[in-house]
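Listing of entry30.csv, CSV, C-alpha atoms and all ligand atoms
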chain,number,residue,atom,x,y,z
A,3,MET,CA,-32.1,-13.6,35.7
A,4,LEU,CA,-28.4,-14.7,35.8
A,5,CYS,CA,-25.5,-12.4,35.1
A,6,VAL,CA,-23.0,-13.4,32.6
A,7,PRO,CA,-19.7,-12.4,34.2
A,8,CYS,CA,-20.0,-14.9,37.1
A,9,TYR,CA,-19.4,-17.8,34.8
A,10,VAL,CA,-16.9,-16.4,32.3
A,11,PHE,CA,-14.0,-17.8,34.2
A,12,HIS,CA,-15.1,-21.4,34.2
A,13,GLU,CA,-15.1,-23.8,31.4
A,14,ASN,CA,-18.5,-25.0,32.4
A,15,LEU,CA,-20.5,-26.1,29.5
A,16,ALA,CA,-22.8,-28.9,30.2
A,17,SER,CA,-22.4,-31.8,27.9
A,18,GLN,CA,-24.4,-32.5,24.9
A,19,ILE,CA,-26.8,-35.2,26.1
A,20,ALA,CA,-27.6,-33.2,29.2
A,21,HIS,CA,-28.4,-30.2,27.0
A,22,VAL,CA,-30.9,-32.2,25.0
A,23,VAL,CA,-32.6,-33.4,28.2
A,24,TYR,CA,-32.7,-29.9,29.6
A,25,ALA,CA,-34.2,-28.7,26.3
A,26,LYS,CA,-36.8,-31.4,26.4
A,27,LYS,CA,-38.0,-30.1,29.8
A,28,TYR,CA,-38.4,-26.6,28.3
A,29,LEU,CA,-40.2,-28.0,25.2
A,30,ASP,CA,-42.6,-30.0,27.3
A,31,ARG,CA,-43.7,-26.8,28.9
A,32,HIS,CA,-43.8,-24.8,25.6
A,33,PRO,CA,-45.5,-27.1,23.1
A,34,ALA,CA,-45.9,-24.3,20.6
A,35,MET,CA,-42.1,-24.0,20.1
A,36,ASN,CA,-40.6,-25.6,17.0
A,37,ALA,CA,-38.7,-28.5,18.7
A,38,ASP,CA,-36.4,-29.4,15.9
A,39,LEU,CA,-35.0,-25.8,15.5
A,40,PHE,CA,-34.9,-25.3,19.2
A,41,LEU,CA,-32.8,-28.5,19.6
A,42,LEU,CA,-30.5,-27.6,16.7
A,43,GLY,CA,-30.0,-24.2,18.3
A,44,THR,CA,-29.3,-25.6,21.8
A,45,LEU,CA,-26.7,-28.0,20.3
A,46,LEU,CA,-24.7,-25.4,18.4
A,47,PRO,CA,-22.8,-23.3,21.0
A,48,ASP,CA,-20.2,-26.0,21.7
A,49,VAL,CA,-19.3,-26.2,18.0
A,50,ARG,CA,-16.1,-24.5,19.0
A,51,ARG,CA,-14.9,-27.8,20.4
A,52,VAL,CA,-14.2,-28.9,16.9
A,53,THR,CA,-13.0,-25.8,15.2
A,54,ASP,CA,-10.6,-22.9,15.6
A,55,GLU,CA,-13.0,-20.6,13.8
A,56,VAL,CA,-14.5,-19.4,17.1
A,57,LYS,CA,-13.5,-19.4,20.7
A,58,ARG,CA,-15.7,-20.2,23.6
A,59,LYS,CA,-16.2,-16.5,24.4
A,60,ASP,CA,-17.5,-16.0,20.8
A,61,THR,CA,-20.1,-18.6,21.2
A,62,HIS,CA,-21.0,-18.2,24.9
A,63,ILE,CA,-20.5,-14.6,26.0
A,64,ILE,CA,-22.7,-12.9,23.5
A,65,TYR,CA,-25.5,-11.7,25.8
A,66,LYS,CA,-25.1,-9.3,28.7
A,67,GLU,CA,-27.9,-10.9,30.7
A,68,LEU,CA,-29.7,-14.2,30.3
A,69,ASP,CA,-33.2,-15.2,31.2
A,70,LEU,CA,-35.9,-17.5,30.0
A,71,GLU,CA,-37.8,-14.9,28.0
A,72,LEU,CA,-37.4,-16.7,24.7
A,73,LYS,CA,-40.8,-16.2,23.2
A,74,ASP,CA,-39.9,-13.4,20.9
A,75,LEU,CA,-36.8,-15.1,19.4
A,76,SER,CA,-36.7,-17.5,16.5
A,77,PRO,CA,-36.9,-21.1,17.7
A,78,PHE,CA,-33.2,-21.6,16.7
A,79,GLU,CA,-32.0,-18.6,18.6
A,80,ALA,CA,-34.3,-19.5,21.5
A,81,GLY,CA,-32.6,-22.9,21.7
A,82,TYR,CA,-29.2,-21.3,21.4
A,83,ARG,CA,-29.8,-18.9,24.2
A,84,PHE,CA,-31.4,-21.6,26.3
A,85,HIS,CA,-28.1,-23.5,26.1
A,86,LEU,CA,-26.2,-20.5,27.5
A,87,TRP,CA,-28.7,-20.1,30.3
A,88,CYS,CA,-28.4,-23.8,31.2
A,89,ASP,CA,-24.6,-23.6,31.4
A,90,MET,CA,-24.9,-20.9,34.0
A,91,ARG,CA,-27.8,-22.4,35.9
A,92,ARG,CA,-26.0,-25.7,36.0
A,93,GLU,CA,-23.0,-24.2,37.6
A,94,GLU,CA,-25.2,-22.3,40.1
A,95,ILE,CA,-26.8,-25.6,41.2
A,96,LEU,CA,-23.5,-27.4,41.4
A,97,ASN,CA,-22.1,-24.7,43.6
A,98,LYS,CA,-25.2,-24.7,45.8
A,99,TYR,CA,-24.5,-28.3,46.7
A,100,ASP,CA,-20.8,-27.8,47.0
A,101,PHE,CA,-20.2,-30.2,44.2
A,102,TYR,CA,-16.6,-29.1,43.7
A,103,SER,CA,-15.6,-29.8,47.2
A,104,LEU,CA,-16.2,-33.5,46.7
A,105,LYS,CA,-13.5,-35.9,45.8
A,106,ARG,CA,-12.7,-36.2,42.1
A,107,THR,CA,-15.2,-33.6,41.1
A,108,ASN,CA,-12.4,-31.2,40.0
A,109,ALA,CA,-11.1,-33.8,37.7
A,110,ILE,CA,-10.2,-32.6,34.3
A,111,ASP,CA,-13.0,-31.1,32.3
A,112,PRO,CA,-15.3,-32.5,30.9
A,113,THR,CA,-15.3,-35.5,33.2
A,114,ALA,CA,-18.3,-34.5,35.3
A,115,LYS,CA,-20.2,-33.6,32.2
A,116,LEU,CA,-19.7,-37.0,30.7
A,117,VAL,CA,-20.9,-38.7,33.9
A,118,GLU,CA,-24.0,-36.5,33.9
A,119,ASP,CA,-24.6,-37.4,30.2
A,120,GLU,CA,-24.7,-41.1,31.2
A,121,LEU,CA,-26.9,-40.4,34.2
A,122,VAL,CA,-29.6,-38.6,32.2
A,123,TYR,CA,-29.5,-40.4,28.8
A,124,ASP,CA,-32.6,-42.4,29.4
A,125,LYS,CA,-34.7,-39.3,30.2
A,126,TYR,CA,-34.9,-38.6,26.5
A,127,LYS,CA,-36.5,-41.1,24.2
A,128,ASN,CA,-36.3,-39.7,20.7
A,129,TRP,CA,-32.6,-40.1,20.1
A,130,GLU,CA,-33.1,-41.8,16.7
A,131,LYS,CA,-35.2,-39.0,15.4
A,132,LEU,CA,-32.8,-36.4,16.7
A,133,ARG,CA,-29.8,-38.2,15.2
A,134,TRP,CA,-31.6,-38.1,11.8
A,135,LEU,CA,-32.2,-34.4,12.2
A,136,LEU,CA,-28.5,-33.8,13.1
A,137,ASN,CA,-27.4,-35.7,10.1
A,138,ASN,CA,-29.8,-33.8,7.8
A,139,PRO,CA,-30.0,-30.3,9.2
A,140,PRO,CA,-32.0,-27.6,7.4
A,141,GLU,CA,-30.3,-24.4,6.2
A,142,ILE,CA,-29.4,-22.6,9.4
A,143,LYS,CA,-29.1,-18.8,9.7
A,144,THR,CA,-26.6,-17.9,12.4
A,145,GLU,CA,-24.4,-14.9,13.0
A,146,LEU,CA,-21.6,-17.1,14.3
A,147,PRO,CA,-18.6,-16.9,12.1
A,148,VAL,CA,-18.5,-20.6,11.5
A,149,SER,CA,-18.8,-22.3,8.2
A,150,ARG,CA,-21.8,-24.5,7.3
A,151,GLU,CA,-19.3,-27.3,6.8
A,152,THR,CA,-18.1,-27.1,10.4
A,153,ILE,CA,-21.6,-26.9,11.8
A,154,GLU,CA,-22.6,-30.0,9.8
A,155,ARG,CA,-19.4,-31.8,11.0
A,156,TRP,CA,-20.2,-30.9,14.6
A,157,TYR,CA,-23.8,-32.1,14.3
A,158,SER,CA,-22.7,-35.4,12.8
A,159,ILE,CA,-20.2,-35.9,15.6
A,160,ILE,CA,-22.8,-35.5,18.3
A,161,ALA,CA,-25.3,-37.6,16.3
A,162,LYS,CA,-22.8,-40.4,16.5
A,163,TYR,CA,-22.3,-39.8,20.3
A,164,PHE,CA,-26.1,-39.9,20.8
A,165,GLU,CA,-26.3,-43.4,19.4
A,166,LYS,CA,-26.4,-45.1,22.8
A,167,LYS,CA,-25.9,-44.4,26.5
A,168,PRO,CA,-22.3,-43.3,26.7
A,169,ASP,CA,-19.7,-46.0,27.5
A,170,ASP,CA,-15.9,-46.0,27.3
A,171,LYS,CA,-16.0,-46.7,23.6
A,172,THR,CA,-18.4,-43.9,22.6
A,173,ILE,CA,-16.8,-41.4,25.0
A,174,LYS,CA,-13.4,-42.3,23.5
A,175,ALA,CA,-14.6,-41.8,20.0
A,176,PHE,CA,-16.3,-38.5,20.9
A,177,LEU,CA,-13.2,-37.1,22.7
A,178,PHE,CA,-11.0,-38.1,19.9
A,179,LYS,CA,-12.8,-35.9,17.5
A,180,GLN,CA,-12.2,-32.9,19.8
A,181,ARG,CA,-8.7,-31.9,19.1
A,182,LYS,CA,-8.0,-30.2,22.4
A,183,LEU,CA,-9.2,-33.2,24.4
A,184,ARG,CA,-7.7,-36.0,22.3
A,185,GLY,CA,-4.5,-36.2,24.2
A,186,GLN,CA,-6.3,-36.4,27.5
A,187,THR,CA,-8.7,-39.2,26.5
A,188,ASP,CA,-7.3,-41.9,28.9
A,189,GLU,CA,-7.2,-39.5,31.8
A,190,ILE,CA,-10.8,-38.4,31.3
A,191,ILE,CA,-12.1,-41.9,30.9
A,192,ASP,CA,-10.3,-42.9,34.1
A,193,GLY,CA,-11.8,-39.8,35.8
A,194,VAL,CA,-15.3,-40.8,34.6
A,195,LYS,CA,-14.9,-44.2,36.1
A,196,LYS,CA,-13.8,-42.9,39.5
A,197,LEU,CA,-16.3,-40.1,39.7
A,198,LYS,CA,-19.1,-42.6,39.0
A,199,GLU,CA,-18.2,-44.4,42.2
A,200,ASN,CA,-18.8,-41.2,44.2
A,201,LYS,CA,-22.5,-41.5,45.1
A,202,LYS,CA,-22.7,-38.0,46.6
A,203,ALA,CA,-21.3,-36.6,43.4
A,204,THR,CA,-23.7,-38.5,41.1
A,205,ASP,CA,-26.7,-37.6,43.3
A,206,ILE,CA,-25.8,-33.9,42.8
A,207,LEU,CA,-25.4,-34.4,39.1
A,208,LYS,CA,-28.8,-35.9,38.9
A,209,ARG,CA,-30.2,-33.0,40.7
A,210,VAL,CA,-29.0,-30.6,38.1
A,211,CYS,CA,-31.4,-32.0,35.6
A,212,GLU,CA,-34.2,-32.0,38.1
A,213,GLU,CA,-33.7,-28.4,39.1
A,214,ILE,CA,-32.4,-26.8,35.9
A,215,ILE,CA,-35.9,-25.4,35.1
A,301,ZN,ZN,-22.0,-24.4,26.5

Would you encode the structure as structure tokens?
Amino acid sequence: MLCVPCYVFHENLASQIAHVVYAKKYLDRHPAMNADLFLLGTLLPDVRRVTDEVKRKDTHIIYKELDLELKDLSPFEAGYRFHLWCDMRREEILNKYDFYSLKRTNAIDPTAKLVEDELVYDKYKNWEKLRWLLNNPPEIKTELPVSRETIERWYSIIAKYFEKKPDDKTIKAFLFKQRKLRGQTDEIIDGVKKLKENKKATDILKRVCEEII
């Protein structure tokens, strides 16, 4: 079990592709889980990146404790909670390997997450199917005070981002749609380029995916 307060102070969400790859690991071990709803749930918490309706603490700090006891939840809620668990677990792994002591790893957020996304993209094979689902989501019941319109907009933005392994162009387009990051796009792209040259850092980022569950 991980305690929530240890990560409250960091802006440490993993990025969206990595979240799908982590979810796939969980789903492979739990074949009875409804994969579509689980994935939609796991991709929702970062919706606050495209809206002012909610803040990160509204979407991320909603449970006192987190664990992987997800069986009794609805598939959507299980996926949602799995996302939060992964955010914390990822940070724990990065700290274990002293990731942030390496050069360029403290570059502006979400540089390291974008690099991780690129590193793990090929570990998931059903991007096309997932993109269709994101563009045609079923009615979703959530207690988040976010409109259906915003949720659909967020899902369609990430569907576009999932089109291919991230490159400068897709990263730029993705960042541009996130108002708070838009002004820092060039800086982030530059950070991604430099961080990718740091083999120690990319090795650790790859380990996150291996060790997350
Ligand atoms: Zn998150």

**Asked** Near Ile19 in chain A, counting all atoms listed in the file, which residues have an atom at most 10 Å away, once you skip same-chain residues fewer than 2 positions from it, shown as a PyMOL selection string?
**Response** chain A and resi 16-17+21-25+45+115-116+118-126+129+160+163-164+167-168

**Prompt:** CA of Leu70 in chain A and CA of Leu132 in chain A are how many Å apart?
**Reply:**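 These atoms are spaced 23.3 Å apart.
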
**Message:** Residues within 12 Å of Asp54 in chain A, please, as JSON, numbers by chain. Count all atoms listed in the file; anything in the same chain fewer than 6 positions from it doesn't count.
**Reply:** {"A": [48, 60, 61, 147, 148, 149, 152, 180, 181, 182]}

Sorted by chain and rising residue number, which residues of chain A lie within 12 Å of ligand ZN 301 (chain A), and what are their closest atom pairs and distances in Å to one decimal, counting only C-alpha atoms and all ligand atoms, as CSV?
residue,atom,partner,partner_atom,distance
A:Tyr9,CA,A:ZN301,ZN,10.9
A:Val10,CA,A:ZN301,ZN,11.1
A:His12,CA,A:ZN301,ZN,10.8
A:Glu13,CA,A:ZN301,ZN,8.5
A:Asn14,CA,A:ZN301,ZN,6.9
A:Leu15,CA,A:ZN301,ZN,3.8
A:Ala16,CA,A:ZN301,ZN,5.9
A:Ser17,CA,A:ZN301,ZN,7.5
A:Gln18,CA,A:ZN301,ZN,8.6
A:Ile19,CA,A:ZN301,ZN,11.8
A:Ala20,CA,A:ZN301,ZN,10.8
A:His21,CA,A:ZN301,ZN,8.7
A:Val22,CA,A:ZN301,ZN,11.9
A:Gly43,CA,A:ZN301,ZN,11.5
A:Thr44,CA,A:ZN301,ZN,8.8
A:Leu45,CA,A:ZN301,ZN,8.6
A:Leu46,CA,A:ZN301,ZN,8.6
A:Pro47,CA,A:ZN301,ZN,5.7
A:Asp48,CA,A:ZN301,ZN,5.4
A:Val49,CA,A:ZN301,ZN,9.1
A:Arg50,CA,A:ZN301,ZN,9.5
A:Arg51,CA,A:ZN301,ZN,10.0
A:Lys57,CA,A:ZN301,ZN,11.4
A:Arg58,CA,A:ZN301,ZN,8.1
A:Lys59,CA,A:ZN301,ZN,10.0
A:Asp60,CA,A:ZN301,ZN,11.1
A:Thr61,CA,A:ZN301,ZN,8.1
A:His62,CA,A:ZN301,ZN,6.5
A:Ile63,CA,A:ZN301,ZN,9.9
A:Ile64,CA,A:ZN301,ZN,11.9
A:Gly81,CA,A:ZN301,ZN,11.7
A:Tyr82,CA,A:ZN301,ZN,9.4
A:Arg83,CA,A:ZN301,ZN,9.8
A:Phe84,CA,A:ZN301,ZN,9.8
A:His85,CA,A:ZN301,ZN,6.2
A:Leu86,CA,A:ZN301,ZN,5.8
A:Trp87,CA,A:ZN301,ZN,8.8
A:Cys88,CA,A:ZN301,ZN,8.0
A:Asp89,CA,A:ZN301,ZN,5.6
A:Met90,CA,A:ZN301,ZN,8.8
A:Arg91,CA,A:ZN301,ZN,11.2
A:Arg92,CA,A:ZN301,ZN,10.4
A:Glu93,CA,A:ZN301,ZN,11.1
A:Pro112,CA,A:ZN301,ZN,11.4
A:Lys115,CA,A:ZN301,ZN,11.0

Please save C-alpha atoms of the selected residues as a tab-separated table (two decimals), keeping the file's coordinate frame.
chain	number	residue	atom	x	y	z
A	9	TYR	CA	-19.40	-17.80	34.80
A	10	VAL	CA	-16.90	-16.40	32.30
A	12	HIS	CA	-15.10	-21.40	34.20
A	13	GLU	CA	-15.10	-23.80	31.40
A	14	ASN	CA	-18.50	-25.00	32.40
A	15	LEU	CA	-20.50	-26.10	29.50
A	16	ALA	CA	-22.80	-28.90	30.20
A	17	SER	CA	-22.40	-31.80	27.90
A	18	GLN	CA	-24.40	-32.50	24.90
A	19	ILE	CA	-26.80	-35.20	26.10
A	20	ALA	CA	-27.60	-33.20	29.20
A	21	HIS	CA	-28.40	-30.20	27.00
A	22	VAL	CA	-30.90	-32.20	25.00
A	43	GLY	CA	-30.00	-24.20	18.30
A	44	THR	CA	-29.30	-25.60	21.80
A	45	LEU	CA	-26.70	-28.00	20.30
A	46	LEU	CA	-24.70	-25.40	18.40
A	47	PRO	CA	-22.80	-23.30	21.00
A	48	ASP	CA	-20.20	-26.00	21.70
A	49	VAL	CA	-19.30	-26.20	18.00
A	50	ARG	CA	-16.10	-24.50	19.00
A	51	ARG	CA	-14.90	-27.80	20.40
A	57	LYS	CA	-13.50	-19.40	20.70
A	58	ARG	CA	-15.70	-20.20	23.60
A	59	LYS	CA	-16.20	-16.50	24.40
A	60	ASP	CA	-17.50	-16.00	20.80
A	61	THR	CA	-20.10	-18.60	21.20
A	62	HIS	CA	-21.00	-18.20	24.90
A	63	ILE	CA	-20.50	-14.60	26.00
A	64	ILE	CA	-22.70	-12.90	23.50
A	81	GLY	CA	-32.60	-22.90	21.70
A	82	TYR	CA	-29.20	-21.30	21.40
A	83	ARG	CA	-29.80	-18.90	24.20
A	84	PHE	CA	-31.40	-21.60	26.30
A	85	HIS	CA	-28.10	-23.50	26.10
A	86	LEU	CA	-26.20	-20.50	27.50
A	87	TRP	CA	-28.70	-20.10	30.30
A	88	CYS	CA	-28.40	-23.80	31.20
A	89	ASP	CA	-24.60	-23.60	31.40
A	90	MET	CA	-24.90	-20.90	34.00
A	91	ARG	CA	-27.80	-22.40	35.90
A	92	ARG	CA	-26.00	-25.70	36.00
A	93	GLU	CA	-23.00	-24.20	37.60
A	112	PRO	CA	-15.30	-32.50	30.90
A	115	LYS	CA	-20.20	-33.60	32.20

**Distance in Å - CA of Leu197 in chain A versus CA of Trp156 in chain A** =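 It comes out at 27.0 Å.
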
**Request:** Write out as a list in words each polymer residue whose atoms come within 7 Å of Met35 in chain A, counting only C-alpha atoms; drop sequence neighbours fewer than 3 positions from it.
**Result:**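 Skipping anything fewer than 3 positions along the chain leaves Leu29, His32 and Pro77 of chain A.
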
**Request:** Rank nothing, just name the residue among A:Asp100, A:Pro140, A:Ile206, A:Lys179 nearest to Leu39 in chain A, using all atoms listed in the file.
**Result:** A:Pro140

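Restricting the calculation to all atoms listed in the file, the smallest distance between Ile214 in chain A and any of A:Ile159, A:Ile95, A:Thr107, A:Ala34 is found for A:Ile95.
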
**Item:** 12 Å contact set for Glu141 in chain A, all atoms listed in the file, chain neighbours under 5 positions out, as a PyMOL selection string
**Value:** chain A and resi 39+42+78+135-136+149-151+153-154

**Message:** Need the shell around Gly193 in chain A: protein/DNA/RNA residues with any atom at most 10 Å away, counting only C-alpha atoms. Skip same-chain ones fewer than 6 positions apart. Format as a list in words?
**Reply:** Arg106, Thr107, Asn108, Ala109, Ile110, Asp111, Pro112, Thr113, Ala114, Leu116, Val117 and Thr187 of chain A

**Request:** Can you work out the spacing between CA of Asn200 in chain A and CA of Lys98 in chain A in Å, to one decimal?
**Result:**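 Distance between the two atoms: 17.8 Å.
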
**Asked** Between A:Lys73, A:Lys105, A:Lys166, A:Arg155, which is the closest to Lys202 in chain A once you count all atoms listed in the file?
**Response**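 Ranking A:Lys73, A:Lys105, A:Lys166, A:Arg155 by distance to Lys202 in chain A, first place goes to A:Lys105.
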